[in-house]
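Enquirer: This is the structure I want to talk about, given as structure tokens.
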Amino acid sequence: MTFPSLKEQFAALIAAPSVSCTQPDWDQSNHLVIERLAQWLGDLGFRCETQEIAPGKFNLLASYGSGPGGLVLAGHSDTVPFDAARWTANPLLLREADDRWYGLGSCDMKGFFPLVIEAVRPLLEHDFRQPLLILATCDEESSMSGARALAAAGRPLGRAAVIGEPTGLKPIRLHKGVMMERIDIEGQSGHSSNPAYGRSALEAMHGAMGELMALRAQWQQQYRNPMFNVPQPTLNLGCIHGGDNPNRICGQCALEFDLRPLPGMEPEQLRAAIREKLRPVAEQHGVRIDYAPLFPAVPPFEEPATSELVRVAEKLTGQAAEAVAFGTEAPYLQQLGCETLVLGPGDIACAHQPDEYLELSRIEPGVRILRNLIQHYCLTSHHGQA
């Protein structure tokens, strides 16, 4: 049986549905993606360990060579939900057009794994002085439970880790934190003909949203970091659910929102400020407001500009390391002692969008950069600097 080509691997991973989502109706297992990666990497001689993090949710750690140090090439195996009606074609079928490969996860970020395999295959005949580890995690797009579990276990991985999120092949050494939060309001339903018959959770939520937007404006005046393309913190009102009929006073309403703090903004202080603003809203509308995080906050990330990995990546790409507004699993790999960088072939502008794609022109340079990283960290004998 012949080993699948890069394009065949790409198509097989896209065809394996693996949506992770805060809404249970959308959430799926990532088992098929992990199974396919483990099969291919096992065929190449990697030692594959699969860990079930939650029912139907798996991490894969595949290693080639042994010993301390080495390189981790990491990515997540899940995708965001999708609206198939807004896609030109089936999101789970690889489509080539306009010098691009289209498909859900092509950019963010299943497409990274075939590039890693393409990079390492010609090197497997050489002696690996330090190990290469390929990591595929679950639920990065929702809870980051895969990376959290890895960090909680505390097992050292390698001395350097590169996460293949979409950066247009630019090295990224800073990103914002990620907070996903939920507000639940319980009022009193009643006949809409008389407001006195109930207490509207929807109207109370209108007030709560106003307070959130006022806090957002305050924080955006107070905090700024010019290294980021979006230099202020952001707050996105993501989804809202409430009420059931026009002629009933809304008895319950829930809002989920996303907050991206800059380094220096403490999540618990931000939550305390939000709670302080919600208290008078609850009193004014006579409702009960519960506010809690959907998941623990993802910390902001920063790798020092002087680290070996940053200098190696800057040399290989010819570009200075930058900052991005989106969050990644980088802080968790950093907690395990890895110098960590985010560097991948996709474009964040088309991630989470209909007709997500990877530019074919990024494949060859992406493979070359990954191959050079593997050679530097796994095939050479030195532990020195770039």
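Quick note on naming: the chains in the structure tokens go A, B, ... in the order shown, residues restart at 1 in each chain, and ligands are numbered from 1 in order of appearance.
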In segment 68-310 of chain A, what's alpha helix (DSSP H) per DSSP? Answer as JSON, numbers by chain?
Expert: {"A": [112, 113, 114, 115, 116, 117, 118, 119, 120, 145, 146, 147, 148, 149, 150, 151, 152, 153, 201, 202, 203, 204, 205, 206, 207, 208, 209, 210, 211, 212, 213, 214, 215, 216, 217, 218, 219, 220, 221, 222, 267, 268, 269, 270, 271, 272, 273, 274, 275, 276, 277, 278, 279, 280, 281, 282, 283, 284, 285, 308, 309, 310]}
Enquirer: What's around segment 212-219 of chain A at 9 Å? Count only C-alpha atoms, leave out sequence neighbours fewer than 3 positions away in its own chain, and write the answer as a PyMOL selection string.
Expert: chain A and resi 207-209+222-224+232-235+237+273-274+277-278
Enquirer: For a quick check of understanding, using only C-alpha atoms, which of A:Gln221, A:Thr328, A:Ser142, A:Ser189 has the smallest distance to Thr22 of chain A?
Expert: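 Closest to Thr22 of chain A of all the choices is A:Ser142.
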Enquirer: Atom CA of Gln335 of chain A and atom CA of Ala54 of chain A are how many Å apart?
Expert: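 Computing the Euclidean distance for atom CA of Gln335 of chain A and atom CA of Ala54 of chain A yields 21.6 Å.
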Enquirer: Taking into account only C-alpha atoms, which residue in the set A:Glu211, A:Glu283, A:Glu356, A:Glu165 is nearest to Leu92 of chain A?
Expert: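 Looking only at the distances to Leu92 of chain A, the closest residue turns out to be A:Glu356.
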Enquirer: Expressed in Å to a single decimal, how great is the separation between atom CA of Glu302 of chain A and atom CA of Ala320 of chain A?
Expert: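 Separation of atom CA of Glu302 of chain A and atom CA of Ala320 of chain A: 14.4 Å.
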Enquirer: Using DSSP on the backbone coordinates, identify all residues within segment 2-151 of chain A classified as strand (DSSP E); present the result as a PyMOL selection string.
Expert: chain A and resi 47-54+57-64+71-76+95-97+100-102+132-137
Enquirer: Deliver the residues from the most recent selection as a file, using N, CA and C atoms, as a CSV table (one decimal), in the first residue's frame.
Expert:
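Now in again34.csv:
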```csv
chain,number,residue,atom,x,y,z
A,47,ARG,N,6.4,6.6,17.2
A,47,ARG,CA,5.7,6.0,18.3
A,47,ARG,C,4.6,6.9,18.7
A,48,CYS,N,3.4,6.4,18.6
A,48,CYS,CA,2.1,7.2,18.7
A,48,CYS,C,1.4,6.9,20.0
A,49,GLU,N,1.2,7.9,20.8
A,49,GLU,CA,0.4,7.8,22.0
A,49,GLU,C,-0.9,8.6,21.9
A,50,THR,N,-2.0,8.0,22.1
A,50,THR,CA,-3.3,8.7,22.0
A,50,THR,C,-3.9,8.7,23.4
A,51,GLN,N,-4.4,9.9,23.8
A,51,GLN,CA,-4.9,10.1,25.2
A,51,GLN,C,-6.3,10.6,25.0
A,52,GLU,N,-7.3,9.9,25.7
A,52,GLU,CA,-8.7,10.5,25.7
A,52,GLU,C,-8.8,11.5,26.8
A,53,ILE,N,-9.1,12.7,26.4
A,53,ILE,CA,-9.2,13.9,27.3
A,53,ILE,C,-10.6,14.0,27.9
A,54,ALA,N,-11.5,13.7,27.1
A,54,ALA,CA,-13.0,13.7,27.5
A,54,ALA,C,-13.6,12.7,26.5
A,57,LYS,N,-13.0,12.8,22.8
A,57,LYS,CA,-12.0,13.9,22.5
A,57,LYS,C,-10.6,13.4,22.8
A,58,PHE,N,-9.7,13.5,21.8
A,58,PHE,CA,-8.4,12.8,22.0
A,58,PHE,C,-7.2,13.8,21.6
A,59,ASN,N,-6.1,13.6,22.3
A,59,ASN,CA,-4.8,14.2,21.9
A,59,ASN,C,-4.0,13.1,21.3
A,60,LEU,N,-3.1,13.4,20.4
A,60,LEU,CA,-2.1,12.5,19.9
A,60,LEU,C,-0.7,13.1,20.1
A,61,LEU,N,0.2,12.3,20.6
A,61,LEU,CA,1.6,12.7,20.7
A,61,LEU,C,2.4,11.6,20.0
A,62,ALA,N,3.0,12.0,18.9
A,62,ALA,CA,3.8,11.1,18.1
A,62,ALA,C,5.3,11.5,18.1
A,63,SER,N,6.2,10.5,18.4
A,63,SER,CA,7.6,10.9,18.6
A,63,SER,C,8.5,10.0,17.8
A,64,TYR,N,9.5,10.6,17.3
A,64,TYR,CA,10.5,9.9,16.5
A,64,TYR,C,11.9,10.3,17.1
A,71,LEU,N,12.3,18.9,19.2
A,71,LEU,CA,11.4,19.9,18.7
A,71,LEU,C,10.0,19.4,18.7
A,72,VAL,N,9.0,20.2,19.1
A,72,VAL,CA,7.6,19.9,19.0
A,72,VAL,C,7.0,20.7,17.9
A,73,LEU,N,6.3,20.0,17.0
A,73,LEU,CA,5.5,20.6,16.0
A,73,LEU,C,4.0,20.3,16.3
A,74,ALA,N,3.3,21.4,16.6
A,74,ALA,CA,2.0,21.2,17.3
A,74,ALA,C,0.9,21.9,16.5
A,75,GLY,N,-0.3,21.3,16.6
A,75,GLY,CA,-1.5,21.9,16.0
A,75,GLY,C,-2.8,21.3,16.7
A,76,HIS,N,-3.9,21.9,16.4
A,76,HIS,CA,-5.2,21.4,16.9
A,76,HIS,C,-5.9,20.6,15.8
A,95,ARG,N,-11.3,21.1,-2.4
A,95,ARG,CA,-11.5,21.7,-3.8
A,95,ARG,C,-10.4,22.5,-4.1
A,96,GLU,N,-9.8,22.3,-5.3
A,96,GLU,CA,-8.7,23.1,-5.8
A,96,GLU,C,-9.2,24.1,-6.9
A,97,ALA,N,-9.0,25.4,-6.6
A,97,ALA,CA,-9.4,26.5,-7.6
A,97,ALA,C,-8.5,27.7,-7.2
A,100,ARG,N,-5.5,27.7,-5.0
A,100,ARG,CA,-5.8,27.5,-3.5
A,100,ARG,C,-6.4,26.1,-3.3
A,101,TRP,N,-6.3,25.6,-2.1
A,101,TRP,CA,-7.0,24.4,-1.6
A,101,TRP,C,-8.1,24.9,-0.7
A,102,TYR,N,-9.3,24.7,-1.0
A,102,TYR,CA,-10.5,25.1,-0.2
A,102,TYR,C,-11.0,23.9,0.7
A,132,LEU,N,11.9,14.3,17.5
A,132,LEU,CA,10.8,15.2,16.9
A,132,LEU,C,9.5,14.7,17.5
A,133,LEU,N,8.7,15.6,18.0
A,133,LEU,CA,7.4,15.2,18.5
A,133,LEU,C,6.3,16.0,17.7
A,134,ILE,N,5.3,15.3,17.3
A,134,ILE,CA,4.2,15.9,16.6
A,134,ILE,C,3.0,15.8,17.5
A,135,LEU,N,2.4,16.9,17.8
A,135,LEU,CA,1.3,17.0,18.8
A,135,LEU,C,0.1,17.4,18.1
A,136,ALA,N,-1.0,16.7,18.2
A,136,ALA,CA,-2.3,17.1,17.7
A,136,ALA,C,-3.3,17.1,18.9
A,137,THR,N,-3.9,18.2,19.2
A,137,THR,CA,-4.8,18.4,20.3
A,137,THR,C,-6.2,18.5,20.0
```
Enquirer: Calculated over only C-alpha atoms, which of the candidates A:Cys350, A:Ala254, A:Ile163, A:Met179 has the smallest distance to Ala201 of chain A?
Expert: A:Ala254
Enquirer: Just give me the gap between atom CA of Ser361 of chain A and atom CA of Gly45 of chain A in Å, one decimal is fine.
Expert: 29.3 Å
Enquirer: For segment 77-89 of chain A, find every residue with an atom within 8 Å (counting only C-alpha atoms), except residues of its own chain fewer than 4 positions away, and show them as an MDAnalysis selection string.
Expert: chainID A and resid 18:21 26 30 33:34 93 95 104:105 108:110 136:141 352:355
Enquirer: Would you output that residue set with C-alpha atoms, as a tab-separated table (two decimals), in the first residue's frame?
Expert:
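Result written to again.tsv:
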```tsv
chain	number	residue	atom	x	y	z
A	18	SER	CA	-14.18	17.41	14.01
A	19	VAL	CA	-16.11	20.53	15.02
A	20	SER	CA	-15.64	21.66	18.62
A	21	CYS	CA	-18.18	24.14	19.95
A	26	TRP	CA	-22.55	21.32	17.06
A	30	ASN	CA	-12.08	14.40	16.74
A	33	VAL	CA	-8.65	12.92	12.53
A	34	ILE	CA	-6.45	11.51	15.32
A	93	LEU	CA	-14.51	18.04	0.36
A	95	ARG	CA	-11.54	21.66	-3.75
A	104	LEU	CA	-12.90	23.41	6.41
A	105	GLY	CA	-9.65	23.30	8.37
A	108	ASP	CA	-7.02	26.64	10.54
A	109	MET	CA	-5.37	24.23	10.85
A	110	LYS	CA	-5.60	20.59	9.77
A	136	ALA	CA	-2.35	17.09	17.72
A	137	THR	CA	-4.76	18.40	20.35
A	138	CYS	CA	-8.54	18.48	20.80
A	139	ASP	CA	-10.97	21.35	21.42
A	140	GLU	CA	-8.66	24.30	20.78
A	141	GLU	CA	-11.57	26.18	19.20
A	352	HIS	CA	-13.50	30.85	10.57
A	353	GLN	CA	-14.94	32.02	7.23
A	354	PRO	CA	-16.93	30.32	4.45
A	355	ASP	CA	-14.62	29.07	1.67
```
Enquirer: Quick one: of A:Phe112, A:Phe10, A:Phe128, A:Phe326, who's nearest to Leu259 of chain A, counting only C-alpha atoms?
Expert: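 Residue with the minimum atom-to-atom distance to Leu259 of chain A: A:Phe326.
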